[in-house]
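Engineer: You'll find protein.txt just under this line, and it carries compact mmCIF, C-alpha atoms and all ligand atoms.
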```txt
# COMPACT_ATOMS: atom_id res chain seq x y z
CA MET A 24 -12.65 -137.41 -92.53
CA LYS A 25 -15.09 -134.59 -92.19
CA ILE A 26 -13.53 -131.46 -93.65
CA ALA A 27 -14.74 -127.86 -93.57
CA ILE A 28 -13.59 -125.33 -96.14
CA LEU A 29 -13.87 -121.73 -95.03
CA SER A 30 -14.50 -119.74 -98.18
CA ARG A 31 -16.69 -116.83 -99.15
CA ASN A 32 -17.75 -118.44 -102.38
CA ALA A 33 -18.20 -122.15 -103.13
CA LYS A 34 -17.94 -121.46 -106.86
CA LEU A 35 -14.36 -120.18 -106.79
CA TYR A 36 -11.93 -122.37 -108.73
CA SER A 37 -9.73 -123.16 -105.72
CA THR A 38 -12.67 -124.01 -103.49
CA THR A 39 -14.31 -126.23 -106.12
CA ARG A 40 -11.05 -128.07 -106.74
CA LEU A 41 -10.54 -128.73 -103.02
CA VAL A 42 -14.11 -130.04 -102.71
CA GLU A 43 -13.60 -132.36 -105.70
CA ALA A 44 -10.26 -133.62 -104.40
CA ALA A 45 -11.61 -134.28 -100.89
CA GLN A 46 -14.66 -136.12 -102.23
CA ALA A 47 -12.53 -138.15 -104.64
CA ARG A 48 -10.54 -139.37 -101.65
CA GLY A 49 -13.71 -140.38 -99.81
CA HIS A 50 -14.07 -137.48 -97.40
CA GLU A 51 -17.15 -135.60 -96.36
CA VAL A 52 -16.64 -131.94 -97.16
CA ARG A 53 -18.59 -128.79 -96.55
CA VAL A 54 -17.99 -125.24 -97.73
CA LEU A 55 -18.80 -122.65 -95.10
CA ASP A 56 -19.06 -118.92 -95.71
CA VAL A 57 -16.71 -117.66 -93.04
CA LEU A 58 -18.75 -114.49 -92.52
CA ARG A 59 -21.83 -116.55 -91.69
CA CYS A 60 -20.03 -118.47 -88.93
CA TYR A 61 -20.65 -117.07 -85.46
CA MET A 62 -19.47 -118.32 -82.19
CA ASN A 63 -19.84 -118.85 -78.56
CA ILE A 64 -16.59 -118.24 -76.74
CA THR A 65 -16.74 -120.22 -73.53
CA SER A 66 -13.90 -122.07 -71.80
CA HIS A 67 -15.54 -125.45 -71.51
CA ASN A 68 -17.64 -125.77 -74.56
CA PRO A 69 -16.59 -123.48 -77.40
CA SER A 70 -18.93 -123.75 -80.36
CA ILE A 71 -19.51 -122.41 -83.85
CA HIS A 72 -22.91 -121.79 -85.33
CA TYR A 73 -23.88 -121.51 -88.97
CA ARG A 74 -27.22 -120.15 -90.07
CA GLY A 75 -28.79 -121.49 -86.88
CA GLU A 76 -27.02 -124.83 -86.95
CA ASP A 77 -24.47 -126.00 -84.38
CA LEU A 78 -21.33 -127.08 -86.28
CA VAL A 79 -19.95 -130.28 -84.83
CA GLY A 80 -17.87 -133.27 -85.78
CA PHE A 81 -15.29 -131.70 -88.10
CA ASP A 82 -11.83 -133.25 -88.17
CA ALA A 83 -10.06 -130.63 -90.25
CA VAL A 84 -10.62 -127.14 -91.59
CA ILE A 85 -9.15 -125.57 -94.72
CA PRO A 86 -9.07 -121.80 -94.36
CA ARG A 87 -9.39 -119.85 -97.63
CA ILE A 88 -9.58 -116.47 -96.04
CA GLY A 89 -9.35 -113.44 -98.33
CA ALA A 90 -7.30 -110.42 -97.28
CA SER A 91 -10.42 -108.30 -96.81
CA VAL A 92 -11.85 -110.66 -94.17
CA THR A 93 -8.64 -111.50 -92.30
CA PHE A 94 -9.81 -110.22 -88.92
CA TYR A 95 -13.14 -112.04 -88.83
CA GLY A 96 -11.83 -115.07 -90.70
CA THR A 97 -8.93 -115.71 -88.34
CA ALA A 98 -11.26 -115.31 -85.35
CA VAL A 99 -13.51 -118.06 -86.76
CA LEU A 100 -10.50 -120.24 -87.49
CA ARG A 101 -9.23 -119.75 -83.92
CA GLN A 102 -12.57 -120.97 -82.69
CA PHE A 103 -12.20 -124.15 -84.78
CA GLU A 104 -8.74 -124.54 -83.22
CA MET A 105 -10.26 -124.16 -79.74
CA MET A 106 -12.64 -126.98 -80.68
CA ASN A 107 -9.61 -129.09 -81.59
CA VAL A 108 -10.37 -129.18 -85.31
CA MET A 109 -7.09 -129.46 -87.20
CA PRO A 110 -6.42 -126.40 -89.39
CA LEU A 111 -4.52 -126.73 -92.66
CA ASN A 112 -2.85 -123.40 -91.80
CA GLU A 113 -3.11 -122.05 -88.28
CA SER A 114 -4.71 -118.69 -87.56
CA VAL A 115 -1.44 -117.34 -86.15
CA GLY A 116 0.44 -118.12 -89.37
CA ILE A 117 -2.28 -116.47 -91.47
CA SER A 118 -2.28 -113.31 -89.33
CA ARG A 119 1.51 -113.12 -89.58
CA SER A 120 1.52 -113.50 -93.35
CA ARG A 121 -1.12 -110.77 -93.79
CA ASP A 122 1.21 -108.18 -92.33
CA LYS A 123 3.85 -107.61 -95.02
CA LEU A 124 6.21 -105.80 -92.70
CA ARG A 125 5.94 -108.30 -89.86
CA SER A 126 6.53 -111.10 -92.38
CA ILE A 127 9.73 -109.68 -93.77
CA GLN A 128 10.99 -108.86 -90.28
CA LEU A 129 10.47 -112.50 -89.29
CA LEU A 130 12.15 -113.74 -92.47
CA ALA A 131 15.06 -111.30 -92.07
CA ARG A 132 15.65 -112.53 -88.54
CA LYS A 133 16.26 -116.01 -89.90
CA GLY A 134 18.61 -114.85 -92.64
CA ILE A 135 16.27 -115.27 -95.63
CA GLY A 136 17.22 -113.17 -98.68
CA LEU A 137 14.99 -110.09 -99.08
CA PRO A 138 15.03 -106.91 -101.14
CA VAL A 139 16.61 -104.15 -99.01
CA THR A 140 13.56 -102.66 -97.30
CA GLY A 141 12.95 -99.53 -95.24
CA PHE A 142 10.06 -98.36 -93.11
CA ALA A 143 9.55 -94.90 -91.64
CA ASN A 144 6.86 -92.68 -90.27
CA ASN A 145 8.09 -89.09 -90.36
CA PRO A 146 8.43 -87.08 -93.60
CA ASP A 147 11.68 -85.63 -92.19
CA ASP A 148 13.24 -89.07 -92.58
CA ILE A 149 12.36 -89.57 -96.26
CA GLU A 150 15.76 -88.51 -97.64
CA ASP A 151 17.58 -90.96 -95.44
CA LEU A 152 14.99 -93.68 -96.07
CA ILE A 153 15.55 -93.37 -99.82
CA SER A 154 19.32 -93.54 -99.52
CA GLN A 155 19.11 -96.51 -97.11
CA VAL A 156 17.52 -98.64 -99.84
CA GLY A 157 20.05 -97.48 -102.43
CA GLY A 158 18.19 -94.54 -104.01
CA ALA A 159 15.83 -94.44 -107.01
CA PRO A 160 14.52 -96.34 -108.83
CA LEU A 161 12.73 -97.91 -105.89
CA VAL A 162 9.49 -99.65 -105.07
CA ILE A 163 6.95 -98.23 -102.63
CA LYS A 164 4.40 -100.65 -101.18
CA LEU A 165 1.26 -99.99 -99.24
CA LEU A 166 1.24 -102.51 -96.40
CA GLN A 167 -2.47 -103.15 -96.96
CA GLY A 168 -2.22 -103.77 -100.71
CA THR A 169 -2.87 -107.08 -102.48
CA GLN A 170 -2.74 -108.30 -106.07
CA GLY A 171 -0.24 -105.63 -106.99
CA ILE A 172 -2.51 -102.72 -106.08
CA GLY A 173 -0.58 -100.25 -103.97
CA VAL A 174 2.81 -101.27 -105.37
CA VAL A 175 4.44 -98.29 -107.07
CA LEU A 176 7.69 -98.03 -109.00
CA ALA A 177 9.28 -94.62 -108.45
CA GLU A 178 11.84 -94.16 -111.19
CA THR A 179 13.45 -90.94 -110.03
CA HIS A 180 14.45 -89.49 -106.69
CA ASN A 181 11.87 -86.72 -107.02
CA ALA A 182 9.08 -89.14 -107.83
CA ALA A 183 10.05 -91.33 -104.87
CA GLU A 184 10.08 -88.36 -102.54
CA SER A 185 6.70 -87.02 -103.58
CA VAL A 186 4.94 -90.41 -103.61
CA ILE A 187 6.28 -91.24 -100.14
CA GLN A 188 5.21 -87.79 -98.91
CA ALA A 189 1.76 -88.27 -100.36
CA PHE A 190 1.27 -91.68 -98.72
CA MET A 191 2.56 -90.39 -95.40
CA GLY A 192 0.20 -87.43 -95.67
CA LEU A 193 -2.69 -89.89 -95.99
CA ASN A 194 -1.42 -91.79 -92.94
CA ALA A 195 -0.95 -94.89 -95.06
CA ASN A 196 1.64 -97.38 -93.89
CA ILE A 197 4.21 -98.01 -96.58
CA MET A 198 7.49 -99.74 -96.99
CA VAL A 199 10.20 -98.68 -99.40
CA GLN A 200 12.14 -101.32 -101.23
CA GLU A 201 15.15 -101.74 -103.45
CA PHE A 202 13.94 -102.24 -107.05
CA ILE A 203 15.15 -105.60 -108.36
CA LYS A 204 15.64 -104.49 -111.95
CA GLU A 205 17.35 -107.69 -113.04
CA ALA A 206 14.12 -109.64 -112.38
CA ASN A 207 12.90 -108.04 -115.64
CA GLY A 208 9.28 -107.93 -114.57
CA SER A 209 9.08 -111.57 -113.63
CA ASP A 210 8.71 -113.29 -110.31
CA ILE A 211 8.52 -116.89 -109.18
CA ARG A 212 5.61 -118.44 -107.30
CA CYS A 213 6.64 -121.52 -105.36
CA PHE A 214 3.73 -123.58 -104.14
CA VAL A 215 4.69 -125.23 -100.86
CA VAL A 216 2.84 -128.18 -99.34
CA GLY A 217 4.37 -129.47 -96.11
CA ASP A 218 8.12 -129.43 -96.50
CA LYS A 219 8.19 -129.53 -100.30
CA VAL A 220 7.78 -127.18 -103.22
CA VAL A 221 5.22 -129.21 -105.18
CA ALA A 222 5.08 -126.85 -108.18
CA ALA A 223 6.53 -123.56 -109.33
CA MET A 224 5.75 -121.05 -112.04
CA ARG A 225 7.29 -117.95 -113.44
CA ARG A 226 4.98 -114.98 -113.82
CA GLN A 227 5.94 -112.41 -116.40
CA ALA A 228 4.49 -108.92 -116.27
CA ALA A 229 2.57 -107.57 -119.25
CA LYS A 230 4.54 -105.27 -121.57
CA GLY A 231 5.33 -101.93 -119.95
CA GLU A 232 4.41 -103.20 -116.48
CA PHE A 233 6.80 -104.27 -113.70
CA ARG A 234 4.26 -106.10 -111.55
CA SER A 235 3.88 -109.71 -112.60
CA ASN A 236 0.60 -110.45 -110.77
CA LEU A 237 -1.73 -112.54 -112.94
CA HIS A 238 -4.50 -110.14 -111.88
CA ARG A 239 -2.45 -107.36 -113.51
CA GLY A 240 -2.27 -109.15 -116.83
CA GLY A 241 0.86 -111.20 -116.14
CA SER A 242 1.35 -114.56 -117.84
CA ALA A 243 2.56 -117.78 -116.27
CA SER A 244 4.99 -120.43 -117.47
CA LEU A 245 6.84 -123.39 -116.01
CA ILE A 246 10.19 -122.80 -114.41
CA ARG A 247 12.96 -124.99 -113.08
CA LEU A 248 13.99 -123.89 -109.62
CA THR A 249 17.55 -123.90 -108.37
CA PRO A 250 18.17 -125.90 -105.19
CA GLU A 251 18.71 -122.58 -103.37
CA GLU A 252 15.31 -121.25 -104.51
CA ARG A 253 13.65 -124.47 -103.47
CA SER A 254 15.17 -124.49 -100.00
CA THR A 255 14.53 -120.76 -99.52
CA ALA A 256 10.82 -121.29 -100.27
CA VAL A 257 10.52 -124.20 -97.85
CA ARG A 258 12.39 -122.33 -95.12
CA ALA A 259 10.20 -119.24 -95.60
CA ALA A 260 7.04 -121.36 -95.24
CA LYS A 261 8.42 -122.90 -92.06
CA ILE A 262 9.38 -119.55 -90.56
CA MET A 263 5.88 -118.20 -91.23
CA GLY A 264 4.39 -121.36 -89.72
CA LEU A 265 2.37 -122.18 -92.85
CA ASN A 266 1.85 -125.75 -94.09
CA VAL A 267 0.46 -124.71 -97.44
CA CYS A 268 1.43 -121.40 -99.01
CA GLY A 269 2.62 -119.58 -102.09
CA VAL A 270 6.08 -118.14 -101.68
CA ASP A 271 6.79 -115.30 -104.12
CA MET A 272 10.39 -114.50 -104.93
CA LEU A 273 12.51 -112.56 -107.38
CA ARG A 274 15.77 -113.67 -108.99
CA SER A 275 18.19 -110.96 -107.95
CA ASN A 276 21.92 -110.53 -108.47
CA HIS A 277 22.35 -111.53 -104.86
CA GLY A 278 20.29 -114.74 -105.08
CA PRO A 279 16.58 -115.35 -104.49
CA VAL A 280 14.78 -112.60 -102.56
CA ILE A 281 11.36 -113.13 -101.05
CA MET A 282 8.60 -110.64 -101.57
CA GLU A 283 5.71 -112.32 -99.91
CA VAL A 284 4.32 -115.52 -98.44
CA ASN A 285 0.67 -116.03 -99.34
CA SER A 286 -1.39 -118.15 -96.94
CA SER A 287 -4.34 -118.71 -99.34
CA PRO A 288 -2.59 -119.21 -102.67
CA GLY A 289 -4.86 -119.65 -105.69
CA LEU A 290 -4.89 -123.06 -107.37
CA ARG A 291 -5.90 -122.16 -110.90
CA GLY A 292 -2.68 -120.61 -112.19
CA ILE A 293 -0.41 -123.18 -110.63
CA GLU A 294 -2.54 -126.23 -111.61
CA GLU A 295 -2.96 -125.02 -115.19
CA THR A 296 0.72 -124.20 -115.57
CA SER A 297 2.16 -127.28 -113.90
CA GLY A 298 -0.54 -129.76 -114.96
CA LYS A 299 -0.42 -131.13 -111.40
CA ASP A 300 -3.34 -131.97 -109.16
CA ILE A 301 -2.35 -129.63 -106.34
CA ALA A 302 -5.74 -129.92 -104.63
CA ASP A 303 -5.21 -133.67 -104.28
CA LEU A 304 -1.74 -133.09 -102.80
CA ILE A 305 -3.27 -130.74 -100.22
CA ILE A 306 -5.89 -133.30 -99.21
CA GLN A 307 -3.23 -136.01 -98.99
CA PHE A 308 -1.22 -133.71 -96.74
CA ILE A 309 -4.25 -133.21 -94.48
CA GLU A 310 -4.76 -136.97 -94.22
CA LYS A 311 -1.14 -137.60 -93.20
CA ARG A 312 -1.04 -134.75 -90.75
CA PHE A 313 -4.33 -135.77 -89.21
CA GLU A 314 -2.98 -139.28 -88.66
CA THR A 315 0.04 -138.04 -86.76
CA MET A 316 -1.98 -135.42 -84.88
CA GLU A 317 -4.62 -137.93 -83.84
CA MET A 318 -2.12 -139.27 -81.33
CA THR A 319 -1.83 -135.91 -79.63
CA LYS A 320 -4.97 -134.36 -78.26
CA ASP A 321 -4.08 -130.82 -79.21
CA LYS A 322 -4.22 -130.23 -82.95
CA THR A 323 -2.51 -126.86 -83.06
CA ARG A 324 1.15 -126.30 -82.36
CA THR A 325 1.36 -122.64 -81.51
CA ARG A 326 1.69 -122.02 -77.83
CA GLY A 327 1.01 -118.81 -75.95
CA LYS A 328 2.10 -118.09 -72.44
CA GLY A 329 -0.24 -116.79 -69.74
P1 LIG B 401 1.10 -107.85 -103.87
O1 LIG B 401 1.07 -108.53 -102.55
O2 LIG B 401 0.16 -106.71 -103.96
O3 LIG B 401 1.05 -108.80 -105.03
P2 LIG B 401 3.96 -107.73 -104.22
O4 LIG B 401 4.87 -107.26 -103.16
O5 LIG B 401 3.89 -109.20 -104.46
O6 LIG B 401 2.52 -107.13 -103.94
O7 LIG B 401 4.35 -106.99 -105.59
C1 LIG B 401 3.61 -107.13 -106.79
C2 LIG B 401 4.55 -107.38 -107.97
O8 LIG B 401 5.44 -106.28 -108.15
C3 LIG B 401 5.46 -108.58 -107.75
O9 LIG B 401 4.84 -109.77 -108.18
C4 LIG B 401 6.69 -108.24 -108.58
O10 LIG B 401 6.50 -108.62 -109.93
C5 LIG B 401 6.75 -106.71 -108.51
N1 LIG B 401 7.67 -106.30 -107.44
C6 LIG B 401 7.39 -106.19 -106.13
N2 LIG B 401 8.45 -105.80 -105.40
C7 LIG B 401 9.46 -105.63 -106.28
C8 LIG B 401 10.83 -105.21 -106.14
N3 LIG B 401 11.35 -104.89 -104.96
N4 LIG B 401 11.58 -105.18 -107.27
C9 LIG B 401 11.06 -105.51 -108.47
N5 LIG B 401 9.78 -105.89 -108.67
C10 LIG B 401 8.97 -105.96 -107.58
```
Here is the file; what I need is its structure written in the form of structure tokens.

Structural biologist:
Amino acid sequence: MKIAILSRNAKLYSTTRLVEAAQARGHEVRVLDVLRCYMNITSHNPSIHYRGEDLVGFDAVIPRIGASVTFYGTAVLRQFEMMNVMPLNESVGISRSRDKLRSIQLLARKGIGLPVTGFANNPDDIEDLISQVGGAPLVIKLLQGTQGIGVVLAETHNAAESVIQAFMGLNANIMVQEFIKEANGSDIRCFVVGDKVVAAMRRQAAKGEFRSNLHRGGSASLIRLTPEERSTAVRAAKIMGLNVCGVDMLRSNHGPVIMEVNSSPGLRGIEETSGKDIADLIIQFIEKRFETMEMTKDKTRTRGKG
């Protein structure tokens, strides 16, 4: 197969590993800087250009689109979809997952366990918002935040009130969430490929910190998932419409609760912790999916009307 990887930097661990895995399985692979792709949007002959070259002949595309380039990146990916190149994750799924609020609304609709979450716009509603999620301590999250930045633990009612007021005053979109204290600063990353959790790790926050992001100094270790956690992760991936993703959850007193579904999950932490060749599993998944999709002309599933 001829595979394109959309990534800003060919030297990133995840990108390098995907290139190695694709080549090891005999594929031709090319890393494309998504911001250098430009396109011609015509009905009959959509095309993508790259530094003056017309990109043709790709069978599949692996989007590794960072949060800061979601808008442009998903536009480029859509163009690949228009050209009938099979995406590992579809643009629609990626756009959905980048909106934290939209994601949890979709998951809630299908009965997935979530921390109790509130969303409001007017400072007059703050009191009620706080009591809706069970009062302080509570977690306040900037909808635009990633890697734990913009996630605040407000330990008292007064702190919660003033932080929410401050964010609202800056016109920042935030959601307010029940604090899952019993998680003890650890969360679980489930790495989903297709309809399976292929690896999982527990991330423990550094001392004195409640956010377990590895970027925030958290440490990773192997974990054995319960059947409920496993099936929750797979269902969440399905609901978001993502074939490959990282599903982050907390162990709460009321079962697993999902915090986020990440459409470009990093490979380093999970490969090092699990000792598994996740990149190879992803390429194998692409091969199988491509085989079944070859029979149908249209290589994306999402349908719009009108
Ligand atoms: P980001 O997308 O920025 O990583 P998350 O929503 O994943 O933001 O939150 C970052 C970290 O903060 C999580 O990995 C988890 O350890 C902790 N955390 C987030 N929400 C809660 C919560 N409701 N209760 C307890 N801890 C939380």

Engineer: Which one of A:Pro86, A:Gly171, A:Gly240, A:Pro146 sits closest to ligand LIG 401 (chain B) if you count only C-alpha atoms and all ligand atoms?

Structural biologist: A:Gly171

Engineer: Give the residues close to ligand LIG 401 (chain B), within 7 Å, counting all atoms listed in the file; write them as a list of chain:residue names.

Structural biologist: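 The residues near ligand LIG 401 (chain B) are A:Pro138, A:Val162, A:Lys164, A:Gly168, A:Thr169, A:Gln170, A:Gly171, A:Ile172, A:Gly173, A:Val174, A:Gln200, A:Glu201, A:Phe202, A:Ile203, A:Lys204, A:Ala206, A:Gly208, A:Ser209, A:Asp210, A:Ala228, A:Phe233, A:Arg234, A:Ser235, A:Asn236, A:Asp271, A:Met282, A:Glu283.
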
Engineer: Using only C-alpha atoms, which of the listed residues (A:Asp56, A:Glu232, A:Glu104, A:Glu76) sits closest to Val92 (chain A)?

Structural biologist: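 The closest residue to Val92 (chain A) is A:Asp56.
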
Engineer: Give me, please, the distance in Å between CA of Met191 (chain A) and CA of Asp151 (chain A), quoted to one decimal.

Structural biologist: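 CA of Asp151 (chain A) lies at a distance of 15.0 Å from CA of Met191 (chain A).
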
Engineer: To one decimal place in Å, what is the distance between CA of Cys268 (chain A) and CA of Asn207 (chain A)?

Structural biologist: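 That distance, rounded to one decimal, is 24.2 Å.
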
Engineer: Could you list, as a PDB file with C-alpha atoms, in the frame of the given file, every residue within 10 Å of Glu113 (chain A), counting only C-alpha atoms and ignoring same-chain residues fewer than 2 positions away?

Structural biologist:
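Everything below was put into part00.pdb:
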```pdb
ATOM      1  CA  VAL A  84     -10.620-127.140 -91.590  1.00  0.00           C
ATOM      2  CA  ILE A  85      -9.150-125.570 -94.720  1.00  0.00           C
ATOM      3  CA  PRO A  86      -9.070-121.800 -94.360  1.00  0.00           C
ATOM      4  CA  THR A  97      -8.930-115.710 -88.340  1.00  0.00           C
ATOM      5  CA  LEU A 100     -10.500-120.240 -87.490  1.00  0.00           C
ATOM      6  CA  ARG A 101      -9.230-119.750 -83.920  1.00  0.00           C
ATOM      7  CA  PHE A 103     -12.200-124.150 -84.780  1.00  0.00           C
ATOM      8  CA  GLU A 104      -8.740-124.540 -83.220  1.00  0.00           C
ATOM      9  CA  MET A 109      -7.090-129.460 -87.200  1.00  0.00           C
ATOM     10  CA  PRO A 110      -6.420-126.400 -89.390  1.00  0.00           C
ATOM     11  CA  LEU A 111      -4.520-126.730 -92.660  1.00  0.00           C
ATOM     12  CA  VAL A 115      -1.440-117.340 -86.150  1.00  0.00           C
ATOM     13  CA  GLY A 116       0.440-118.120 -89.370  1.00  0.00           C
ATOM     14  CA  ILE A 117      -2.280-116.470 -91.470  1.00  0.00           C
ATOM     15  CA  SER A 118      -2.280-113.310 -89.330  1.00  0.00           C
ATOM     16  CA  GLY A 264       4.390-121.360 -89.720  1.00  0.00           C
ATOM     17  CA  LEU A 265       2.370-122.180 -92.850  1.00  0.00           C
ATOM     18  CA  ASN A 266       1.850-125.750 -94.090  1.00  0.00           C
ATOM     19  CA  SER A 286      -1.390-118.150 -96.940  1.00  0.00           C
ATOM     20  CA  LYS A 322      -4.220-130.230 -82.950  1.00  0.00           C
ATOM     21  CA  THR A 323      -2.510-126.860 -83.060  1.00  0.00           C
ATOM     22  CA  ARG A 324       1.150-126.300 -82.360  1.00  0.00           C
ATOM     23  CA  THR A 325       1.360-122.640 -81.510  1.00  0.00           C
TER      24      THR A 325
END
```

Engineer: Between A:Leu290, A:Ala98, A:Ala182, A:Val42, which one has atoms that come closest to Asn63 (chain A), using all atoms listed in the file?

Structural biologist: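 Ranking A:Leu290, A:Ala98, A:Ala182, A:Val42 by distance to Asn63 (chain A), first place goes to A:Ala98.
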
Engineer: Residues near His50 (chain A), anyone? I mean within 8 Å using all atoms listed in the file, not counting same-chain ones fewer than 4 positions away, as JSON, numbers by chain.

Structural biologist: {"A": [24, 25, 26, 45, 46]}

Engineer: One decimal, Å: what's the distance from CA of Met316 (chain A) over to CA of Ala33 (chain A), could you say?

Structural biologist: 27.8 Å

Engineer: Identify, on the basis of all atoms listed in the file, every residue whose closest approach to Leu130 (chain A) does not exceed 12 Å; exclude the query and any residue fewer than 6 positions from it along the same chain; express the result as JSON, numbers by chain.

Structural biologist: {"A": [119, 120, 123, 124, 136, 137, 138, 255, 256, 257, 258, 259, 260, 261, 262, 263, 264, 270, 280, 281, 282, 283, 284]}

Engineer: Between A:Asp82, A:Glu184, A:Asp122, A:Asp77, which residue has the minimum interatomic distance to Glu314 (chain A), considering all atoms listed in the file?

Structural biologist: A:Asp82

Engineer: List as a VMD selection string the protein and nucleic acid residues near Val54 (chain A), meaning an atom at most 12 Å away when all atoms listed in the file are counted, but skip any in the same chain fewer than 4 places from it.

Structural biologist: chain A and resid 25 to 35 37 to 43 45 58 to 60 73 81 84 to 87

Engineer: Can you write out the residues you just picked, keeping C-alpha atoms, as a PDB file, keeping the file's coordinate frame?

Structural biologist:
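Saved result, result_38.pdb, follows:
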```pdb
ATOM      1  CA  LYS A  25     -15.090-134.590 -92.190  1.00  0.00           C
ATOM      2  CA  ILE A  26     -13.530-131.460 -93.650  1.00  0.00           C
ATOM      3  CA  ALA A  27     -14.740-127.860 -93.570  1.00  0.00           C
ATOM      4  CA  ILE A  28     -13.590-125.330 -96.140  1.00  0.00           C
ATOM      5  CA  LEU A  29     -13.870-121.730 -95.030  1.00  0.00           C
ATOM      6  CA  SER A  30     -14.500-119.740 -98.180  1.00  0.00           C
ATOM      7  CA  ARG A  31     -16.690-116.830 -99.150  1.00  0.00           C
ATOM      8  CA  ASN A  32     -17.750-118.440-102.380  1.00  0.00           C
ATOM      9  CA  ALA A  33     -18.200-122.150-103.130  1.00  0.00           C
ATOM     10  CA  LYS A  34     -17.940-121.460-106.860  1.00  0.00           C
ATOM     11  CA  LEU A  35     -14.360-120.180-106.790  1.00  0.00           C
ATOM     12  CA  SER A  37      -9.730-123.160-105.720  1.00  0.00           C
ATOM     13  CA  THR A  38     -12.670-124.010-103.490  1.00  0.00           C
ATOM     14  CA  THR A  39     -14.310-126.230-106.120  1.00  0.00           C
ATOM     15  CA  ARG A  40     -11.050-128.070-106.740  1.00  0.00           C
ATOM     16  CA  LEU A  41     -10.540-128.730-103.020  1.00  0.00           C
ATOM     17  CA  VAL A  42     -14.110-130.040-102.710  1.00  0.00           C
ATOM     18  CA  GLU A  43     -13.600-132.360-105.700  1.00  0.00           C
ATOM     19  CA  ALA A  45     -11.610-134.280-100.890  1.00  0.00           C
ATOM     20  CA  LEU A  58     -18.750-114.490 -92.520  1.00  0.00           C
ATOM     21  CA  ARG A  59     -21.830-116.550 -91.690  1.00  0.00           C
ATOM     22  CA  CYS A  60     -20.030-118.470 -88.930  1.00  0.00           C
ATOM     23  CA  TYR A  73     -23.880-121.510 -88.970  1.00  0.00           C
ATOM     24  CA  PHE A  81     -15.290-131.700 -88.100  1.00  0.00           C
ATOM     25  CA  VAL A  84     -10.620-127.140 -91.590  1.00  0.00           C
ATOM     26  CA  ILE A  85      -9.150-125.570 -94.720  1.00  0.00           C
ATOM     27  CA  PRO A  86      -9.070-121.800 -94.360  1.00  0.00           C
ATOM     28  CA  ARG A  87      -9.390-119.850 -97.630  1.00  0.00           C
TER      29      ARG A  87
END
```

Engineer: Please define a box with edges along x, y and z of the file around all atoms of region 204-217 of chain A given in the file, extend it by 5 Å on each side, and return its centre and edge lengths in Å to one decimal, as lines of an AutoDock Vina configuration file.

Structural biologist:
```
center_x = 10.1
center_y = -117.0
center_z = -105.9
size_x = 24.5
size_y = 35.0
size_z = 29.5
```
